[in-house]
Amino acid sequence: MSTTGPGRFVTFEGGEGAGKSTQIARAAVALEARGLRVRVTREPGGTEGAEAIRRLLLEGAAERWTATTELLLVAAARAEHLARVIEPALAAGSWVLCDRYLDSTRVYQGLAGGLGLALVDRLQGELLGFRLPDLTLVLDVPVETGLARRQDIGGASRFERKGRAFHERVREGFRTLAAAEPRRIVLVDADRPVEAVAAEIEALLVARLGLDP
């Protein structure tokens, strides 16, 4: 398959410990095996400035920032990331695989954080014009499973310290978005062996984005 022409933008979403980084790495290998150029990145982050904002967001006490402050910090990091990494990579014909993007903001600050989807969507869409992904894969695991995985890694972020009820709202929020927007957002059962999840994701990329089987 040719690597010329505009690239495709795929985002990986889910709660803490859902396995996004592992599955992005496997998806990148699968795409590169088809002759495609792939750029793997993450949010918040992806540029020097956005990574500095990431540290502000993830470090410190759970109550360090309000949901409104989180929203504005994430938006600033995303604007930088889009301008300097995502848009240029897509224009050059690369596929961009991003660990978290605007749906995390819709869930963490909008639904779980209490700001509401209307406010978050207006900021990200109408006011800032952030690009929608071509496909969003939500990796879904029970909250206790995801948090246990994160504990095994160590170094909990402030979001992980927000408590079980918050993370249950996060999981339900992602499931709500997937049900409401099935043409773009696909819920993937990630409480299975890594290989099984990776195989389903590759099949989804083929079916949804026109890749050769």
# chains A, B, ... in the order shown; residues from 1 in each chain; ligands from 1
$ select_by_dssp --residues "chain A" --states "alpha helix (DSSP H)" --output "ChimeraX atom specification"
/A:20-32,48-58,67-81,87-91,102-105,117-121,143-153,164-180,194-209
$ write_last_selection --atoms "C-alpha atoms" --output "CSV table (one decimal), in the first residue's frame"
chain,number,residue,atom,x,y,z
A,20,LYS,CA,-3.2,1.7,25.6
A,21,SER,CA,0.6,2.0,25.3
A,22,THR,CA,1.0,-1.8,24.8
A,23,GLN,CA,-1.7,-1.9,22.1
A,24,ILE,CA,-0.4,1.3,20.3
A,25,ALA,CA,3.0,-0.3,20.0
A,26,ARG,CA,1.5,-3.5,18.5
A,27,ALA,CA,-0.7,-1.5,16.1
A,28,ALA,CA,2.3,0.5,14.9
A,29,VAL,CA,4.2,-2.7,14.1
A,30,ALA,CA,1.1,-4.0,12.2
A,31,LEU,CA,0.8,-0.8,10.1
A,32,GLU,CA,4.5,-0.5,9.4
A,48,GLU,CA,8.5,19.9,24.8
A,49,GLY,CA,6.0,22.5,25.9
A,50,ALA,CA,3.1,20.0,26.1
A,51,GLU,CA,5.2,17.6,28.1
A,52,ALA,CA,5.8,20.4,30.6
A,53,ILE,CA,2.1,20.8,30.9
A,54,ARG,CA,1.7,17.1,31.3
A,55,ARG,CA,3.9,17.2,34.4
A,56,LEU,CA,1.7,19.9,35.9
A,57,LEU,CA,-1.4,17.8,35.3
A,58,LEU,CA,0.0,14.5,36.6
A,67,ALA,CA,-11.7,20.3,36.6
A,68,THR,CA,-11.9,23.7,34.9
A,69,THR,CA,-8.1,24.3,35.3
A,70,GLU,CA,-7.4,20.8,34.0
A,71,LEU,CA,-9.5,21.5,30.9
A,72,LEU,CA,-7.6,24.6,30.1
A,73,LEU,CA,-4.2,23.1,30.7
A,74,VAL,CA,-5.1,20.1,28.5
A,75,ALA,CA,-6.5,22.4,25.7
A,76,ALA,CA,-3.2,24.4,25.7
A,77,ALA,CA,-1.1,21.2,25.5
A,78,ARG,CA,-3.4,19.9,22.7
A,79,ALA,CA,-3.2,23.1,20.6
A,80,GLU,CA,0.6,22.8,20.7
A,81,HIS,CA,0.6,19.1,19.9
A,87,GLU,CA,-1.2,18.0,11.7
A,88,PRO,CA,2.3,18.0,10.0
A,89,ALA,CA,2.6,14.2,10.3
A,90,LEU,CA,-0.8,13.7,8.7
A,91,ALA,CA,-0.1,16.1,6.0
A,102,LEU,CA,-10.1,14.8,23.0
A,103,ASP,CA,-12.3,12.0,24.2
A,104,SER,CA,-10.3,11.7,27.4
A,105,THR,CA,-11.0,15.4,28.0
A,117,LEU,CA,-20.1,17.5,27.6
A,118,ALA,CA,-21.7,20.7,26.3
A,119,LEU,CA,-18.9,22.9,27.7
A,120,VAL,CA,-16.0,20.7,26.7
A,121,ASP,CA,-17.3,20.0,23.2
A,143,VAL,CA,-11.7,-0.4,37.2
A,144,GLU,CA,-10.2,-2.8,39.7
A,145,THR,CA,-8.2,-4.5,37.0
A,146,GLY,CA,-6.9,-1.2,35.5
A,147,LEU,CA,-5.9,0.2,38.9
A,148,ALA,CA,-4.2,-3.0,39.9
A,149,ARG,CA,-2.1,-2.9,36.7
A,150,ARG,CA,-1.1,0.7,37.4
A,151,GLN,CA,-0.1,-0.3,41.0
A,152,ASP,CA,2.2,-3.0,39.6
A,153,ILE,CA,4.0,-0.3,37.5
A,164,ARG,CA,-12.7,4.5,42.9
A,165,ALA,CA,-15.9,6.4,42.4
A,166,PHE,CA,-14.2,8.8,40.0
A,167,HIS,CA,-12.7,5.9,38.0
A,168,GLU,CA,-16.1,4.2,37.7
A,169,ARG,CA,-17.4,7.4,36.2
A,170,VAL,CA,-14.5,7.5,33.8
A,171,ARG,CA,-15.3,3.9,32.6
A,172,GLU,CA,-19.0,4.7,32.3
A,173,GLY,CA,-18.2,7.9,30.5
A,174,PHE,CA,-16.2,6.1,27.8
A,175,ARG,CA,-18.9,3.5,27.4
A,176,THR,CA,-21.4,6.3,27.0
A,177,LEU,CA,-19.4,8.0,24.2
A,178,ALA,CA,-18.9,4.7,22.4
A,179,ALA,CA,-22.7,4.0,22.5
A,180,ALA,CA,-23.5,7.5,21.2
A,194,VAL,CA,-2.7,-8.9,24.9
A,195,GLU,CA,-2.5,-10.9,21.7
A,196,ALA,CA,-6.3,-11.3,21.4
A,197,VAL,CA,-6.8,-7.5,21.9
A,198,ALA,CA,-4.1,-6.7,19.4
A,199,ALA,CA,-5.7,-9.0,16.8
A,200,GLU,CA,-9.1,-7.3,17.2
A,201,ILE,CA,-7.6,-3.9,16.9
A,202,GLU,CA,-5.8,-4.9,13.7
A,203,ALA,CA,-9.0,-6.2,12.3
A,204,LEU,CA,-10.8,-3.0,13.2
A,205,LEU,CA,-8.1,-0.9,11.4
A,206,VAL,CA,-8.6,-3.1,8.3
A,207,ALA,CA,-12.4,-2.9,8.4
A,208,ARG,CA,-12.9,0.7,9.4
A,209,LEU,CA,-10.0,2.4,7.5
$ select_by_dssp --residues "segment 109-210 of chain A" --states "strand (DSSP E or B)" --output "JSON, numbers by chain"
{"A": [135, 136, 137, 138, 139, 140, 185, 186, 187, 188, 189]}
$ write_last_selection --atoms "N, CA, C and O atoms" --output "PDB file, in the first residue's frame"
ATOM      1  N   LEU A 135     -10.659   7.351  13.711  1.00  0.00           N
ATOM      2  CA  LEU A 135     -11.136   6.201  14.469  1.00  0.00           C
ATOM      3  C   LEU A 135     -10.633   6.327  15.902  1.00  0.00           C
ATOM      4  O   LEU A 135      -9.481   6.700  16.126  1.00  0.00           O
ATOM      5  N   THR A 136     -11.514   6.024  16.839  1.00  0.00           N
ATOM      6  CA  THR A 136     -11.148   6.033  18.254  1.00  0.00           C
ATOM      7  C   THR A 136     -11.442   4.667  18.846  1.00  0.00           C
ATOM      8  O   THR A 136     -12.562   4.156  18.733  1.00  0.00           O
ATOM      9  N   LEU A 137     -10.430   4.065  19.451  1.00  0.00           N
ATOM     10  CA  LEU A 137     -10.552   2.755  20.070  1.00  0.00           C
ATOM     11  C   LEU A 137     -10.522   2.930  21.587  1.00  0.00           C
ATOM     12  O   LEU A 137      -9.527   3.413  22.136  1.00  0.00           O
ATOM     13  N   VAL A 138     -11.608   2.567  22.251  1.00  0.00           N
ATOM     14  CA  VAL A 138     -11.687   2.666  23.707  1.00  0.00           C
ATOM     15  C   VAL A 138     -11.399   1.292  24.291  1.00  0.00           C
ATOM     16  O   VAL A 138     -12.174   0.346  24.100  1.00  0.00           O
ATOM     17  N   LEU A 139     -10.275   1.176  24.984  1.00  0.00           N
ATOM     18  CA  LEU A 139      -9.917  -0.083  25.630  1.00  0.00           C
ATOM     19  C   LEU A 139     -10.604  -0.132  26.988  1.00  0.00           C
ATOM     20  O   LEU A 139     -10.340   0.698  27.867  1.00  0.00           O
ATOM     21  N   ASP A 140     -11.475  -1.108  27.145  1.00  0.00           N
ATOM     22  CA  ASP A 140     -12.338  -1.175  28.312  1.00  0.00           C
ATOM     23  C   ASP A 140     -11.927  -2.321  29.234  1.00  0.00           C
ATOM     24  O   ASP A 140     -11.867  -3.481  28.810  1.00  0.00           O
ATOM     25  N   ILE A 185     -16.248   5.747  17.322  1.00  0.00           N
ATOM     26  CA  ILE A 185     -15.711   5.212  18.566  1.00  0.00           C
ATOM     27  C   ILE A 185     -16.106   3.748  18.719  1.00  0.00           C
ATOM     28  O   ILE A 185     -17.287   3.403  18.650  1.00  0.00           O
ATOM     29  N   VAL A 186     -15.101   2.884  18.941  1.00  0.00           N
ATOM     30  CA  VAL A 186     -15.347   1.455  19.098  1.00  0.00           C
ATOM     31  C   VAL A 186     -14.861   1.008  20.472  1.00  0.00           C
ATOM     32  O   VAL A 186     -13.727   1.280  20.865  1.00  0.00           O
ATOM     33  N   LEU A 187     -15.726   0.317  21.192  1.00  0.00           N
ATOM     34  CA  LEU A 187     -15.378  -0.226  22.498  1.00  0.00           C
ATOM     35  C   LEU A 187     -14.709  -1.583  22.303  1.00  0.00           C
ATOM     36  O   LEU A 187     -15.260  -2.468  21.637  1.00  0.00           O
ATOM     37  N   VAL A 188     -13.517  -1.744  22.872  1.00  0.00           N
ATOM     38  CA  VAL A 188     -12.750  -2.983  22.741  1.00  0.00           C
ATOM     39  C   VAL A 188     -12.581  -3.593  24.127  1.00  0.00           C
ATOM     40  O   VAL A 188     -12.089  -2.917  25.044  1.00  0.00           O
ATOM     41  N   ASP A 189     -12.974  -4.830  24.282  1.00  0.00           N
ATOM     42  CA  ASP A 189     -12.790  -5.529  25.558  1.00  0.00           C
ATOM     43  C   ASP A 189     -11.308  -5.803  25.745  1.00  0.00           C
ATOM     44  O   ASP A 189     -10.728  -6.665  25.081  1.00  0.00           O
TER      45      ASP A 189
END
$ closest_residue --among "A:Arg84, A:Arg131, A:Arg64, A:Arg42" --to "Asp99 of chain A" --atoms "only C-alpha atoms"
A:Arg42
$ atom_distance --atom1 "atom CA of Pro142 of chain A" --atom2 "atom CA of Trp65 of chain A"
26.1 Å
$ atom_distance --atom1 "atom CA of Gly163 of chain A" --atom2 "atom CA of Glu16 of chain A"
11.6 Å
$ residues_around --residues "Val96 of chain A" --least-positions-apart "6" --cutoff "8 Å" --atoms "only C-alpha atoms" --output "list in words"
Gly7, Arg8, Phe9, Val10, Val38, Arg39, Val40, Thr41, Ile86, Ala89 and Leu90 of chain A
$ write_last_selection --atoms "N, CA, C and O atoms" --output "mmCIF file, in the first residue's frame"
data_model
loop_
_atom_site.group_PDB
_atom_site.id
_atom_site.type_symbol
_atom_site.label_atom_id
_atom_site.label_comp_id
_atom_site.auth_asym_id
_atom_site.auth_seq_id
_atom_site.Cartn_x
_atom_site.Cartn_y
_atom_site.Cartn_z
ATOM 1 N N GLY A 7 -2.376 11.143 5.829
ATOM 2 C CA GLY A 7 -2.372 10.018 6.743
ATOM 3 C C GLY A 7 -3.717 9.847 7.416
ATOM 4 O O GLY A 7 -4.681 10.549 7.123
ATOM 5 N N ARG A 8 -3.788 8.895 8.324
ATOM 6 C CA ARG A 8 -4.991 8.640 9.090
ATOM 7 C C ARG A 8 -4.667 8.833 10.573
ATOM 8 O O ARG A 8 -3.555 8.568 11.037
ATOM 9 N N PHE A 9 -5.686 9.252 11.321
ATOM 10 C CA PHE A 9 -5.512 9.624 12.718
ATOM 11 C C PHE A 9 -6.342 8.681 13.583
ATOM 12 O O PHE A 9 -7.575 8.669 13.492
ATOM 13 N N VAL A 10 -5.657 7.875 14.395
ATOM 14 C CA VAL A 10 -6.313 6.885 15.251
ATOM 15 C C VAL A 10 -5.945 7.182 16.700
ATOM 16 O O VAL A 10 -4.760 7.316 17.034
ATOM 17 N N VAL A 38 4.317 5.560 10.349
ATOM 18 C CA VAL A 38 3.517 5.683 11.569
ATOM 19 C C VAL A 38 4.213 6.614 12.543
ATOM 20 O O VAL A 38 5.423 6.503 12.780
ATOM 21 N N ARG A 39 3.442 7.524 13.116
ATOM 22 C CA ARG A 39 3.937 8.386 14.190
ATOM 23 C C ARG A 39 3.143 8.054 15.453
ATOM 24 O O ARG A 39 1.912 8.175 15.465
ATOM 25 N N VAL A 40 3.832 7.606 16.483
ATOM 26 C CA VAL A 40 3.199 7.307 17.772
ATOM 27 C C VAL A 40 3.441 8.486 18.704
ATOM 28 O O VAL A 40 4.575 8.968 18.836
ATOM 29 N N THR A 41 2.388 8.957 19.353
ATOM 30 C CA THR A 41 2.524 10.093 20.247
ATOM 31 C C THR A 41 1.535 9.948 21.394
ATOM 32 O O THR A 41 0.848 8.928 21.509
ATOM 33 N N ILE A 86 0.845 16.524 15.193
ATOM 34 C CA ILE A 86 -0.212 15.736 14.557
ATOM 35 C C ILE A 86 -0.508 16.218 13.144
ATOM 36 O O ILE A 86 -0.481 15.428 12.180
ATOM 37 N N ALA A 89 2.393 15.623 10.621
ATOM 38 C CA ALA A 89 2.580 14.198 10.324
ATOM 39 C C ALA A 89 1.499 13.694 9.375
ATOM 40 O O ALA A 89 1.779 12.957 8.417
ATOM 41 N N LEU A 90 0.253 14.075 9.617
ATOM 42 C CA LEU A 90 -0.836 13.652 8.741
ATOM 43 C C LEU A 90 -0.657 14.230 7.336
ATOM 44 O O LEU A 90 -0.869 13.537 6.332
#
$ atom_distance --atom1 "atom CA of Asp134 of chain A" --atom2 "atom CA of Arg184 of chain A"
6.7 Å
